[in-house]
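Trainee: Structure file model.tsv (TSV, C-alpha atoms and all ligand atoms) is given on the next line.
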chain	number	residue	atom	x	y	z
A	1	MET	CA	-126.73	-135.98	-21.23
A	2	LEU	CA	-127.26	-133.43	-18.50
A	3	ASP	CA	-128.18	-135.10	-15.25
A	4	PRO	CA	-129.72	-132.76	-12.67
A	5	SER	CA	-129.81	-135.52	-10.04
A	6	ARG	CA	-126.06	-135.88	-10.35
A	7	ILE	CA	-125.68	-132.10	-9.91
A	8	LEU	CA	-127.61	-132.18	-6.63
A	9	GLU	CA	-125.86	-135.37	-5.45
A	10	ARG	CA	-122.50	-133.74	-6.04
A	11	CYS	CA	-123.55	-130.65	-4.06
A	12	ASP	CA	-124.46	-133.07	-1.25
A	13	ALA	CA	-121.13	-134.90	-1.60
A	14	LEU	CA	-119.17	-131.65	-1.28
A	15	ALA	CA	-121.27	-130.57	1.70
A	16	ARG	CA	-120.00	-133.63	3.59
A	17	HIS	CA	-116.52	-132.08	3.67
A	18	SER	CA	-117.01	-129.65	6.50
A	19	GLU	CA	-115.17	-128.65	9.66
A	20	LEU	CA	-118.53	-128.02	11.31
A	21	PRO	CA	-120.14	-131.30	12.35
A	22	GLY	CA	-123.72	-131.48	11.12
A	23	GLY	CA	-123.35	-128.23	9.15
A	24	LEU	CA	-121.16	-126.79	6.42
A	25	THR	CA	-118.06	-124.68	6.93
A	26	ARG	CA	-115.20	-125.12	4.50
A	27	VAL	CA	-112.54	-122.43	4.38
A	28	PHE	CA	-109.58	-121.76	2.14
A	29	LEU	CA	-106.68	-124.27	2.29
A	30	SER	CA	-108.29	-126.42	4.99
A	31	PRO	CA	-108.17	-130.23	5.10
A	32	GLU	CA	-111.87	-130.17	4.11
A	33	SER	CA	-111.09	-128.00	1.09
A	34	ARG	CA	-108.44	-130.49	0.00
A	35	ALA	CA	-110.93	-133.35	0.14
A	36	ALA	CA	-113.53	-131.30	-1.76
A	37	SER	CA	-110.93	-130.34	-4.38
A	38	GLU	CA	-109.99	-133.97	-4.92
A	39	LEU	CA	-113.62	-134.80	-5.63
A	40	VAL	CA	-113.97	-131.86	-8.03
A	41	LEU	CA	-110.73	-132.67	-9.90
A	42	GLY	CA	-111.95	-136.25	-10.30
A	43	TRP	CA	-115.29	-135.08	-11.73
A	44	MET	CA	-113.46	-132.74	-14.11
A	45	ARG	CA	-111.29	-135.60	-15.42
A	46	GLU	CA	-114.33	-137.85	-15.74
A	47	ALA	CA	-115.90	-135.09	-17.88
A	48	GLY	CA	-112.95	-135.19	-20.29
A	49	MET	CA	-110.98	-132.27	-18.89
A	50	GLY	CA	-107.33	-131.96	-17.99
A	51	ALA	CA	-107.49	-130.86	-14.35
A	52	ARG	CA	-105.07	-129.68	-11.68
A	53	LEU	CA	-104.90	-127.77	-8.46
A	54	ASP	CA	-103.26	-124.44	-9.32
A	55	ALA	CA	-100.82	-122.43	-7.18
A	56	ILE	CA	-103.55	-120.59	-5.24
A	57	GLY	CA	-105.56	-123.77	-4.65
A	58	ASN	CA	-108.17	-123.41	-7.39
A	59	CYS	CA	-109.47	-126.51	-9.17
A	60	ALA	CA	-108.68	-125.70	-12.79
A	61	GLY	CA	-110.06	-127.87	-15.59
A	62	ARG	CA	-109.70	-127.46	-19.33
A	63	TYR	CA	-111.68	-129.10	-22.10
A	64	GLU	CA	-109.79	-128.58	-25.31
A	65	ALA	CA	-111.22	-126.86	-28.37
A	66	SER	CA	-111.43	-128.50	-31.78
A	67	GLU	CA	-108.09	-126.70	-32.37
A	68	PRO	CA	-105.86	-127.31	-29.34
A	69	GLY	CA	-104.58	-124.16	-27.65
A	70	ALA	CA	-107.52	-121.96	-28.73
A	71	PRO	CA	-108.81	-119.24	-26.37
A	72	CYS	CA	-111.40	-120.37	-23.84
A	73	VAL	CA	-114.77	-119.53	-22.44
A	74	MET	CA	-114.27	-119.67	-18.69
A	75	LEU	CA	-116.99	-121.00	-16.41
A	76	GLY	CA	-116.73	-121.15	-12.68
A	77	SER	CA	-117.64	-120.24	-9.16
A	78	HIS	CA	-116.19	-120.89	-5.71
A	79	LEU	CA	-115.73	-123.97	-3.52
A	80	ASP	CA	-115.17	-122.24	-0.17
A	81	THR	CA	-118.06	-121.37	2.11
A	82	VAL	CA	-119.03	-118.95	4.83
A	83	ARG	CA	-119.47	-120.35	8.35
A	84	ASP	CA	-122.56	-122.55	8.72
A	85	ALA	CA	-123.25	-122.20	5.02
A	86	GLY	CA	-125.66	-123.62	2.48
A	87	ARG	CA	-124.53	-126.24	-0.01
A	88	TYR	CA	-125.29	-124.43	-3.29
A	89	ASP	CA	-123.67	-120.99	-2.93
A	90	GLY	CA	-120.66	-121.36	-5.23
A	91	MET	CA	-120.66	-125.13	-5.58
A	92	LEU	CA	-123.74	-125.21	-7.84
A	93	GLY	CA	-121.92	-123.09	-10.44
A	94	VAL	CA	-118.83	-125.29	-10.48
A	95	ILE	CA	-120.74	-128.56	-10.60
A	96	THR	CA	-123.18	-127.37	-13.27
A	97	ALA	CA	-120.27	-126.21	-15.44
A	98	ILE	CA	-118.65	-129.65	-15.12
A	99	GLU	CA	-121.99	-131.24	-16.00
A	100	CYS	CA	-122.19	-129.18	-19.21
A	101	VAL	CA	-118.69	-130.27	-20.25
A	102	HIS	CA	-119.59	-133.86	-19.33
A	103	ALA	CA	-122.52	-133.67	-21.77
A	104	LEU	CA	-120.31	-132.33	-24.58
A	105	HIS	CA	-117.69	-135.01	-23.88
A	106	ALA	CA	-120.33	-137.75	-23.93
A	107	GLN	CA	-121.31	-136.61	-27.42
A	108	LYS	CA	-117.62	-136.36	-28.38
A	109	LYS	CA	-118.30	-132.75	-29.24
A	110	ARG	CA	-115.56	-130.14	-29.38
A	111	LEU	CA	-116.30	-126.44	-29.75
A	112	PRO	CA	-114.27	-123.81	-31.62
A	113	PHE	CA	-113.07	-122.58	-28.22
A	114	ALA	CA	-111.79	-124.38	-25.14
A	115	ILE	CA	-113.87	-124.49	-21.99
A	116	GLU	CA	-112.10	-123.86	-18.72
A	117	VAL	CA	-113.92	-124.61	-15.48
A	118	LEU	CA	-112.57	-122.95	-12.35
A	119	GLY	CA	-113.55	-123.96	-8.84
A	120	PHE	CA	-112.10	-121.02	-6.95
A	121	GLY	CA	-110.46	-121.90	-3.63
A	122	ASP	CA	-111.42	-118.67	-1.93
A	123	GLU	CA	-114.14	-116.20	-2.74
A	124	GLU	CA	-115.79	-115.60	0.61
A	125	GLY	CA	-112.60	-114.50	2.38
A	126	VAL	CA	-113.54	-116.19	5.67
A	127	ARG	CA	-110.08	-117.40	6.66
A	128	PHE	CA	-107.90	-114.37	5.91
A	129	GLY	CA	-110.50	-111.61	5.79
A	130	THR	CA	-109.83	-110.72	2.18
A	131	THR	CA	-112.06	-111.93	-0.62
A	132	LEU	CA	-111.79	-113.26	-4.20
A	133	LEU	CA	-108.29	-114.72	-3.76
A	134	GLY	CA	-108.72	-117.46	-6.37
A	135	SER	CA	-110.28	-115.32	-9.09
A	136	ARG	CA	-107.87	-112.43	-8.47
A	137	ALA	CA	-104.95	-114.79	-9.13
A	138	VAL	CA	-106.51	-116.02	-12.38
A	139	ALA	CA	-107.20	-112.42	-13.42
A	140	GLY	CA	-103.58	-111.48	-12.72
A	141	ILE	CA	-104.56	-108.94	-10.04
A	142	PHE	CA	-103.50	-110.91	-6.96
A	143	ASP	CA	-101.94	-108.53	-4.46
A	144	ALA	CA	-98.88	-110.35	-3.05
A	145	SER	CA	-99.01	-108.27	0.14
A	146	VAL	CA	-101.97	-110.38	1.31
A	147	LEU	CA	-99.62	-113.39	1.67
A	148	SER	CA	-98.56	-112.03	5.05
A	149	LEU	CA	-102.15	-111.84	6.37
A	150	GLN	CA	-102.77	-114.24	9.24
A	151	ASP	CA	-105.77	-116.37	10.06
A	152	ALA	CA	-107.31	-116.53	13.55
A	153	SER	CA	-104.62	-119.00	14.69
A	154	GLY	CA	-101.77	-116.79	13.51
A	155	VAL	CA	-100.92	-118.84	10.39
A	156	SER	CA	-99.94	-116.62	7.46
A	157	MET	CA	-101.45	-117.18	4.03
A	158	GLU	CA	-97.96	-117.87	2.69
A	159	LYS	CA	-97.42	-120.65	5.25
A	160	ALA	CA	-100.90	-122.05	4.67
A	161	LEU	CA	-100.19	-122.28	0.94
A	162	ARG	CA	-96.85	-124.01	1.53
A	163	ASP	CA	-98.36	-126.41	4.05
A	164	PHE	CA	-100.96	-127.25	1.43
A	165	GLY	CA	-98.11	-128.16	-0.96
A	166	LEU	CA	-98.46	-125.05	-3.11
A	167	ASP	CA	-95.79	-122.57	-4.15
A	168	PRO	CA	-96.80	-118.92	-3.61
A	169	GLN	CA	-94.03	-117.82	-6.01
A	170	GLU	CA	-96.03	-119.43	-8.82
A	171	ILE	CA	-99.17	-117.34	-8.22
A	172	PRO	CA	-98.20	-114.48	-10.59
A	173	ARG	CA	-97.99	-117.04	-13.42
A	174	LEU	CA	-101.67	-117.94	-13.04
A	175	GLY	CA	-102.80	-114.63	-14.50
A	176	ARG	CA	-104.43	-115.07	-17.90
A	177	LYS	CA	-103.76	-112.55	-20.62
A	178	LYS	CA	-106.50	-110.57	-22.31
A	179	GLY	CA	-107.56	-112.48	-25.41
A	180	GLN	CA	-106.97	-115.91	-23.84
A	181	VAL	CA	-110.40	-115.77	-22.20
A	182	LEU	CA	-113.26	-114.88	-24.56
A	183	ALA	CA	-115.76	-114.51	-21.71
A	184	TYR	CA	-116.37	-115.55	-18.12
A	185	ALA	CA	-119.82	-116.92	-17.30
A	186	GLU	CA	-120.98	-117.94	-13.84
A	187	LEU	CA	-124.13	-119.70	-12.71
A	188	HIS	CA	-124.97	-118.93	-9.07
A	189	ILE	CA	-127.98	-119.11	-6.79
A	190	GLU	CA	-129.73	-115.75	-6.57
A	191	GLN	CA	-129.30	-115.36	-2.78
A	192	GLY	CA	-132.32	-113.09	-2.86
A	193	PRO	CA	-136.12	-113.42	-3.16
A	194	VAL	CA	-136.82	-111.65	-6.49
A	195	LEU	CA	-137.01	-114.65	-8.84
A	196	GLU	CA	-139.16	-116.68	-6.46
A	197	ALA	CA	-141.54	-113.74	-6.00
A	198	GLU	CA	-141.93	-113.48	-9.77
A	199	GLY	CA	-142.28	-117.22	-10.37
A	200	LEU	CA	-139.14	-117.43	-12.50
A	201	PRO	CA	-136.49	-120.19	-12.28
A	202	VAL	CA	-133.60	-118.05	-13.55
A	203	GLY	CA	-132.56	-114.46	-14.17
A	204	VAL	CA	-129.83	-112.76	-16.18
A	205	VAL	CA	-127.56	-110.54	-14.10
A	206	THR	CA	-126.98	-106.99	-15.35
A	207	ALA	CA	-124.29	-105.89	-12.91
A	208	ILE	CA	-122.71	-106.78	-9.61
A	209	ASN	CA	-123.48	-103.95	-7.26
A	210	GLY	CA	-120.70	-101.75	-5.99
A	211	PHE	CA	-120.23	-101.44	-2.25
A	212	SER	CA	-118.84	-99.03	0.32
A	213	ARG	CA	-117.91	-100.07	3.84
A	214	LEU	CA	-117.05	-97.68	6.63
A	215	ARG	CA	-116.41	-97.73	10.33
A	216	VAL	CA	-117.74	-94.82	12.40
A	217	THR	CA	-116.65	-94.11	15.97
A	218	LEU	CA	-118.65	-91.75	18.17
A	219	LYS	CA	-117.01	-90.40	21.28
A	220	GLY	CA	-119.16	-88.93	24.03
A	221	GLU	CA	-118.62	-89.19	27.75
A	222	ALA	CA	-119.09	-92.18	29.99
A	223	GLY	CA	-120.76	-91.44	33.30
A	224	HIS	CA	-122.82	-92.83	36.14
A	225	ALA	CA	-126.25	-93.98	34.98
A	226	GLY	CA	-127.74	-92.84	38.28
A	227	THR	CA	-126.17	-89.47	38.94
A	228	VAL	CA	-125.74	-87.65	35.59
A	229	PRO	CA	-128.94	-85.74	34.69
A	230	MET	CA	-130.29	-86.40	31.19
A	231	ARG	CA	-129.65	-82.86	29.97
A	232	LEU	CA	-125.93	-83.09	30.83
A	233	ARG	CA	-125.26	-86.40	29.12
A	234	ARG	CA	-123.21	-87.03	26.01
A	235	ASP	CA	-124.47	-90.56	25.32
A	236	ALA	CA	-122.61	-92.05	22.34
A	237	LEU	CA	-125.04	-94.95	21.98
A	238	ALA	CA	-128.14	-92.75	21.84
A	239	ALA	CA	-126.36	-90.78	19.10
A	240	ALA	CA	-125.45	-94.00	17.28
A	241	ALA	CA	-129.09	-95.09	17.43
A	242	GLU	CA	-130.07	-91.93	15.55
A	243	CYS	CA	-127.31	-92.60	13.02
A	244	VAL	CA	-128.51	-96.19	12.44
A	245	LEU	CA	-132.01	-94.91	11.70
A	246	ALA	CA	-130.57	-92.24	9.39
A	247	VAL	CA	-128.73	-94.92	7.38
A	248	GLU	CA	-131.97	-96.88	7.12
A	249	ARG	CA	-133.96	-93.83	6.05
A	250	ILE	CA	-131.41	-92.85	3.39
A	251	ALA	CA	-131.25	-96.43	2.04
A	252	LYS	CA	-135.04	-96.55	1.81
A	253	GLY	CA	-134.95	-93.42	-0.34
A	254	ASP	CA	-134.16	-95.39	-3.49
A	255	PRO	CA	-135.39	-98.88	-4.42
A	256	GLU	CA	-131.98	-99.71	-5.93
A	257	LEU	CA	-130.06	-98.82	-2.78
A	258	VAL	CA	-129.46	-100.97	0.30
A	259	GLY	CA	-127.77	-99.85	3.49
A	260	THR	CA	-126.93	-101.83	6.62
A	261	VAL	CA	-125.42	-101.23	10.03
A	262	GLY	CA	-124.27	-104.76	10.80
A	263	ARG	CA	-122.00	-104.19	13.77
A	264	LEU	CA	-122.30	-101.95	16.77
A	265	GLU	CA	-120.17	-102.00	19.90
A	266	ALA	CA	-120.75	-99.81	22.91
A	267	LYS	CA	-118.13	-99.10	25.56
A	268	PRO	CA	-117.79	-99.60	28.40
A	269	GLY	CA	-120.86	-101.80	27.98
A	270	ALA	CA	-122.27	-101.92	31.47
A	271	ILE	CA	-125.90	-101.62	32.55
A	272	ASN	CA	-125.15	-98.76	34.95
A	273	VAL	CA	-122.76	-96.69	32.78
A	274	ILE	CA	-123.65	-94.12	30.13
A	275	PRO	CA	-121.99	-95.35	26.89
A	276	GLY	CA	-118.97	-93.15	26.26
A	277	GLU	CA	-117.84	-94.60	22.95
A	278	VAL	CA	-119.61	-96.48	20.19
A	279	MET	CA	-118.25	-98.04	17.01
A	280	PHE	CA	-120.57	-99.06	14.19
A	281	THR	CA	-120.15	-100.13	10.59
A	282	ILE	CA	-122.01	-98.96	7.50
A	283	ASP	CA	-122.40	-101.04	4.32
A	284	PHE	CA	-124.05	-99.44	1.28
A	285	ARG	CA	-124.58	-101.22	-2.04
A	286	ALA	CA	-126.13	-100.07	-5.31
A	287	PRO	CA	-126.07	-100.83	-9.02
A	288	ARG	CA	-125.02	-97.22	-9.71
A	289	ASP	CA	-121.84	-95.75	-8.24
A	290	GLU	CA	-123.15	-92.18	-7.93
A	291	LEU	CA	-126.21	-93.40	-6.01
A	292	ARG	CA	-124.00	-95.29	-3.54
A	293	GLU	CA	-121.49	-92.45	-3.17
A	294	GLU	CA	-124.26	-89.96	-2.51
A	295	ALA	CA	-125.77	-92.26	0.14
A	296	VAL	CA	-122.40	-92.47	1.89
A	297	SER	CA	-121.88	-88.72	1.93
A	298	ARG	CA	-125.46	-88.02	3.06
A	299	SER	CA	-125.13	-90.55	5.89
A	300	LEU	CA	-121.86	-89.06	7.08
A	301	ALA	CA	-123.26	-85.53	6.90
A	302	GLU	CA	-126.27	-86.66	8.89
A	303	ALA	CA	-124.07	-88.41	11.47
A	304	GLY	CA	-122.05	-85.20	11.76
A	305	ARG	CA	-125.20	-83.16	12.49
A	306	ILE	CA	-126.47	-85.70	15.04
A	307	ALA	CA	-123.10	-85.75	16.79
A	308	GLU	CA	-122.77	-81.97	16.85
A	309	ARG	CA	-126.22	-81.51	18.35
A	310	ARG	CA	-125.30	-83.99	21.09
A	311	GLY	CA	-121.79	-82.74	21.75
A	312	ILE	CA	-120.18	-85.90	20.44
A	313	LYS	CA	-117.01	-86.33	18.36
A	314	THR	CA	-117.07	-88.50	15.22
A	315	GLN	CA	-114.31	-90.36	13.48
A	316	VAL	CA	-114.90	-92.04	10.12
A	317	GLU	CA	-112.68	-94.74	8.66
A	318	PRO	CA	-113.37	-95.97	5.12
A	319	LEU	CA	-112.78	-99.75	5.09
A	320	GLN	CA	-113.30	-100.90	1.52
A	321	SER	CA	-115.18	-99.81	-1.57
A	322	LEU	CA	-115.56	-101.13	-5.07
A	323	GLY	CA	-117.46	-99.73	-8.04
A	324	VAL	CA	-120.17	-101.54	-9.98
A	325	THR	CA	-119.02	-104.44	-12.18
A	326	GLN	CA	-121.11	-104.41	-15.35
A	327	CYS	CA	-122.06	-107.61	-17.12
A	328	SER	CA	-121.56	-107.25	-20.86
A	329	GLU	CA	-124.56	-106.60	-23.07
A	330	TRP	CA	-123.41	-108.99	-25.84
A	331	LEU	CA	-123.19	-111.83	-23.31
A	332	MET	CA	-126.51	-110.93	-21.63
A	333	VAL	CA	-128.15	-111.11	-25.06
A	334	GLN	CA	-126.70	-114.58	-25.70
A	335	LEU	CA	-127.72	-115.80	-22.24
A	336	GLU	CA	-131.22	-114.41	-22.77
A	337	ARG	CA	-131.53	-116.30	-26.05
A	338	ALA	CA	-130.68	-119.48	-24.18
A	339	VAL	CA	-133.24	-118.62	-21.47
A	340	ALA	CA	-135.96	-117.90	-24.04
A	341	ALA	CA	-135.16	-121.12	-25.93
A	342	GLU	CA	-136.03	-123.01	-22.73
A	343	GLY	CA	-139.44	-121.34	-22.76
A	344	VAL	CA	-138.59	-119.37	-19.64
A	345	GLY	CA	-139.49	-115.69	-19.17
A	346	VAL	CA	-136.48	-113.41	-19.50
A	347	ARG	CA	-135.77	-111.28	-16.45
A	348	ARG	CA	-132.77	-109.05	-15.88
A	349	LEU	CA	-131.70	-108.21	-12.35
A	350	PRO	CA	-128.66	-106.81	-10.57
A	351	SER	CA	-126.63	-108.83	-8.07
A	352	GLY	CA	-126.61	-107.44	-4.55
A	353	ALA	CA	-123.88	-109.85	-3.47
A	354	GLY	CA	-120.27	-109.92	-4.63
A	355	HIS	CA	-119.01	-112.64	-7.00
A	356	ASP	CA	-115.81	-113.84	-8.70
A	357	GLY	CA	-116.76	-111.96	-11.88
A	358	MET	CA	-115.70	-108.74	-10.11
A	359	ALA	CA	-112.10	-109.96	-10.38
A	360	LEU	CA	-112.36	-111.65	-13.79
A	361	LYS	CA	-113.65	-108.39	-15.29
A	362	ALA	CA	-109.99	-107.26	-15.26
A	363	ILE	CA	-109.25	-109.63	-18.16
A	364	THR	CA	-112.53	-110.38	-19.90
A	365	ASP	CA	-116.25	-109.65	-20.31
A	366	ILE	CA	-118.49	-111.34	-17.78
A	367	ALA	CA	-122.01	-112.77	-17.58
A	368	MET	CA	-123.99	-114.36	-14.76
A	369	LEU	CA	-127.08	-116.52	-14.58
A	370	PHE	CA	-128.98	-116.59	-11.30
A	371	VAL	CA	-130.94	-119.67	-10.28
A	372	ARG	CA	-133.90	-119.22	-7.93
A	373	CYS	CA	-133.35	-120.36	-4.35
A	374	LYS	CA	-136.00	-121.10	-1.75
A	375	ALA	CA	-137.23	-117.94	0.03
A	376	GLY	CA	-134.11	-116.12	-1.14
A	377	ILE	CA	-132.17	-117.70	1.72
A	378	SER	CA	-128.39	-118.13	1.50
A	379	HIS	CA	-125.37	-118.16	3.81
A	380	ASN	CA	-127.56	-120.43	5.87
A	381	PRO	CA	-128.02	-124.22	6.13
A	382	ALA	CA	-131.63	-123.72	4.96
A	383	GLU	CA	-130.39	-122.76	1.49
A	384	ALA	CA	-132.34	-124.86	-1.08
A	385	ILE	CA	-133.04	-125.19	-4.78
A	386	THR	CA	-135.31	-127.55	-6.68
A	387	ARG	CA	-134.13	-130.33	-8.97
A	388	GLU	CA	-136.20	-128.74	-11.75
A	389	ASP	CA	-134.46	-125.37	-11.37
A	390	ALA	CA	-131.04	-127.07	-11.30
A	391	ALA	CA	-132.03	-128.79	-14.56
A	392	ILE	CA	-133.22	-125.57	-16.21
A	393	GLY	CA	-130.04	-123.75	-15.16
A	394	ALA	CA	-127.86	-126.53	-16.58
A	395	ARG	CA	-129.78	-126.62	-19.88
A	396	ILE	CA	-129.44	-122.86	-20.27
A	397	LEU	CA	-125.71	-122.88	-19.51
A	398	HIS	CA	-125.21	-125.78	-21.93
A	399	ARG	CA	-127.18	-123.99	-24.64
A	400	PHE	CA	-125.26	-120.75	-24.02
A	401	LEU	CA	-121.99	-122.65	-24.49
A	402	SER	CA	-123.08	-124.61	-27.54
A	403	SER	CA	-124.29	-121.50	-29.35
A	404	PHE	CA	-121.68	-119.11	-27.96
A	405	ASP	CA	-120.48	-116.66	-30.57
A	406	ALA	CA	-117.43	-114.56	-29.69
A	407	GLY	CA	-117.95	-112.61	-32.91
A	408	HIS	CA	-121.22	-111.27	-31.58
A	409	ARG	CA	-119.58	-108.77	-29.30
A	410	LEU	CA	-121.75	-105.67	-29.62
A	411	SER	CA	-120.00	-102.39	-30.04
A	412	ALA	CA	-120.35	-100.56	-26.74
A	501	ZN	ZN	-121.17	-117.33	-3.78
Will you turn the file into structure tokens for me?
Ligand SMILES: [Zn+2]
Mentor:
Amino acid sequence: MLDPSRILERCDALARHSELPGGLTRVFLSPESRAASELVLGWMREAGMGARLDAIGNCAGRYEASEPGAPCVMLGSHLDTVRDAGRYDGMLGVITAIECVHALHAQKKRLPFAIEVLGFGDEEGVRFGTTLLGSRAVAGIFDASVLSLQDASGVSMEKALRDFGLDPQEIPRLGRKKGQVLAYAELHIEQGPVLEAEGLPVGVVTAINGFSRLRVTLKGEAGHAGTVPMRLRRDALAAAAECVLAVERIAKGDPELVGTVGRLEAKPGAINVIPGEVMFTIDFRAPRDELREEAVSRSLAEAGRIAERRGIKTQVEPLQSLGVTQCSEWLMVQLERAVAAEGVGVRRLPSGAGHDGMALKAITDIAMLFVRCKAGISHNPAEAITREDAAIGARILHRFLSSFDAGHRLSA
């Protein structure tokens, strides 16, 4: 039977494998990630799965179908963390999936499809600065050029994989073909405050928001803070301040849009020097691509006007952007049935954060179930969920699996 205490105990057990004493930091291909993987592989085997560490360092478990070799429903999430992380972001999804298989195994129940559970080795991208490495490999969209990326100590990803005992040449073989995976479903903490505010333990995700990231550099003129009169200044930081407020104003223009300036660096950075050059980043996210794209172009136009008025030069560098990843209606409907069968109110909501489903979408339809977390806090040691919510999430995922019907794919 499903055991929510075991789910929480296992989250605690994984949290003990951390490079940060007294906190939780566990990055891709680290000694801590090896120890965590060994625990997870053991739990997978105990739940009746064949389990191995794959060539990119994912924990990959498979519970056979009633007919061996049948296509699978894939469940999963990630086992890496951000720095000074919480213990549920990622891990809860992997451990709950294992718990569901454990319950089927205990009843000696096989389903008409296999269940694969993936504990992805890297989703957060902390070590090499590029995200979704584990799920990209499984989706067959791993970009081999990232193997030459180096971590902060100058170790390349290729070397890190080899030192971990893995063969990077094998990564292309991890890619599943379309048809082998009937659906990908992920349980994850919400990482936001919506469910708690509405008194709901879970929510069904509609889409993973697209994002655009840019770097803007403003070039004015540095000068003596005492001698240059105000009217003759070209202060790049004062211009940047106007730009930051413009980003905020534009983002506030639509309840579905969020916009953030998360980094700002002023040069030369001295108390008695007018800032001559400022770099800042912009991050926009939205559940609709046109909304996000319009916000980006309005912000850049506004920055251009601000700079012109102040005699400042602008330079814009797009860093990364990705369109919205839609969850599939036929899977949302099946998840909602499982939610309703638990007597829980059905709530749909978009995901503001990125998730492994963005990569898996390349080979299959995806669904996500969000579990309420305390005060919407994540990426923080204060991240918390209740035992009751962990139990409800597990029951819903188990019900979704047991009644999963691949034939119920709605025509788009
Ligand atoms: Zn996560």
Trainee: Show me which residues are within 8 Å of ligand ZN 501 (chain A) counting all atoms listed in the file, and format the list as a PyMOL selection string.
Mentor: chain A and resi 77-78+81+89-90+123-124+188-189+353-355
Trainee: Return the single residue from A:Tyr184, A:Phe400, A:Phe113, A:Phe120 that is closest to Thr364 in chain A, with distances computed using all atoms listed in the file.
Mentor: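 Closest residue, counting all atoms listed in the file: A:Tyr184.
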Trainee: Which residue, A:Leu331, A:Leu2, A:Ala15, A:Val371, has the smallest gap to Gln191 in chain A when you use all atoms listed in the file?
Mentor: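 Answer, going by the shortest atom-to-atom distance: A:Val371.
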Trainee: Tell me which of A:Leu195, A:Glu32, A:Lys108, A:Met44 sits closest to Gly345 in chain A, counting only C-alpha atoms.
Mentor: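 Selected residue with least distance to Gly345 in chain A: A:Leu195.
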Trainee: For Ser299 in chain A, please output as a VMD selection string all residues within 8 Å (counting all atoms listed in the file; exclusion window: fewer than 2 positions along the same chain).
Mentor: chain A and resid 243 246 to 247 250 295 to 297 301 to 303
Trainee: Figure out the distance between CA of Gly352 in chain A and CA of Cys100 in chain A, please, to one decimal in Å.
Mentor: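 Between CA of Cys100 in chain A and CA of Gly352 in chain A the gap works out to 26.6 Å.
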Trainee: Using all atoms listed in the file for the distances, tell me which of A:Gly22, A:Pro71, A:Pro193, A:Gly311 is nearest to Leu111 in chain A.
Mentor: A:Pro71
Trainee: Can you tell me, as a ChimeraX atom specification, what residues are no more than 12 Å from Thr96 in chain A when counting only C-alpha atoms, ignoring any on the same chain fewer than 5 positions away?
Mentor: /A:2-11,40,43-44,47,75-77,88,90-91,101-103,117-119,185-189,369,371,389-398
Trainee: Kindly save the residues from that selection, with C-alpha atoms included, as a compact mmCIF listing (two decimals), in the frame of the given file.
Mentor:
# COMPACT_ATOMS: atom_id res chain seq x y z
CA LEU A 2 -127.26 -133.43 -18.50
CA ASP A 3 -128.18 -135.10 -15.25
CA PRO A 4 -129.72 -132.76 -12.67
CA SER A 5 -129.81 -135.52 -10.04
CA ARG A 6 -126.06 -135.88 -10.35
CA ILE A 7 -125.68 -132.10 -9.91
CA LEU A 8 -127.61 -132.18 -6.63
CA GLU A 9 -125.86 -135.37 -5.45
CA ARG A 10 -122.50 -133.74 -6.04
CA CYS A 11 -123.55 -130.65 -4.06
CA VAL A 40 -113.97 -131.86 -8.03
CA TRP A 43 -115.29 -135.08 -11.73
CA MET A 44 -113.46 -132.74 -14.11
CA ALA A 47 -115.90 -135.09 -17.88
CA LEU A 75 -116.99 -121.00 -16.41
CA GLY A 76 -116.73 -121.15 -12.68
CA SER A 77 -117.64 -120.24 -9.16
CA TYR A 88 -125.29 -124.43 -3.29
CA GLY A 90 -120.66 -121.36 -5.23
CA MET A 91 -120.66 -125.13 -5.58
CA VAL A 101 -118.69 -130.27 -20.25
CA HIS A 102 -119.59 -133.86 -19.33
CA ALA A 103 -122.52 -133.67 -21.77
CA VAL A 117 -113.92 -124.61 -15.48
CA LEU A 118 -112.57 -122.95 -12.35
CA GLY A 119 -113.55 -123.96 -8.84
CA ALA A 185 -119.82 -116.92 -17.30
CA GLU A 186 -120.98 -117.94 -13.84
CA LEU A 187 -124.13 -119.70 -12.71
CA HIS A 188 -124.97 -118.93 -9.07
CA ILE A 189 -127.98 -119.11 -6.79
CA LEU A 369 -127.08 -116.52 -14.58
CA VAL A 371 -130.94 -119.67 -10.28
CA ASP A 389 -134.46 -125.37 -11.37
CA ALA A 390 -131.04 -127.07 -11.30
CA ALA A 391 -132.03 -128.79 -14.56
CA ILE A 392 -133.22 -125.57 -16.21
CA GLY A 393 -130.04 -123.75 -15.16
CA ALA A 394 -127.86 -126.53 -16.58
CA ARG A 395 -129.78 -126.62 -19.88
CA ILE A 396 -129.44 -122.86 -20.27
CA LEU A 397 -125.71 -122.88 -19.51
CA HIS A 398 -125.21 -125.78 -21.93
Trainee: Could you please determine the separation between CA of Val261 in chain A and CA of Ala85 in chain A in Å, to one decimal place?
Mentor: 21.7 Å
Trainee: Between A:Lys178, A:Arg215, A:Arg45, A:Arg173, which is the closest to Thr314 in chain A once you count all atoms listed in the file?
Mentor: A:Arg215
Trainee: Give me the residues within 9 Å of Val324 in chain A as a PyMOL selection string, counting only C-alpha atoms and dropping any in the same chain fewer than 2 places off.
Mentor: chain A and resi 207-211+286-289+322+326+358
Trainee: With distances taken over all atoms listed in the file, which residue among A:Leu132, A:Leu24, A:Leu29, A:Ala106 lies nearest Arg83 in chain A?
Mentor: A:Leu24
Trainee: Skip Ala114 in chain A itself and residues of its chain fewer than 5 positions away, then list as a list in words all residues within 8 Å of it, counting all atoms listed in the file.
Mentor: Arg62, Tyr63, Glu64, Ala65, Ser66, Pro68, Gly69, Ala70, Pro71, Cys72 and Val73 of chain A
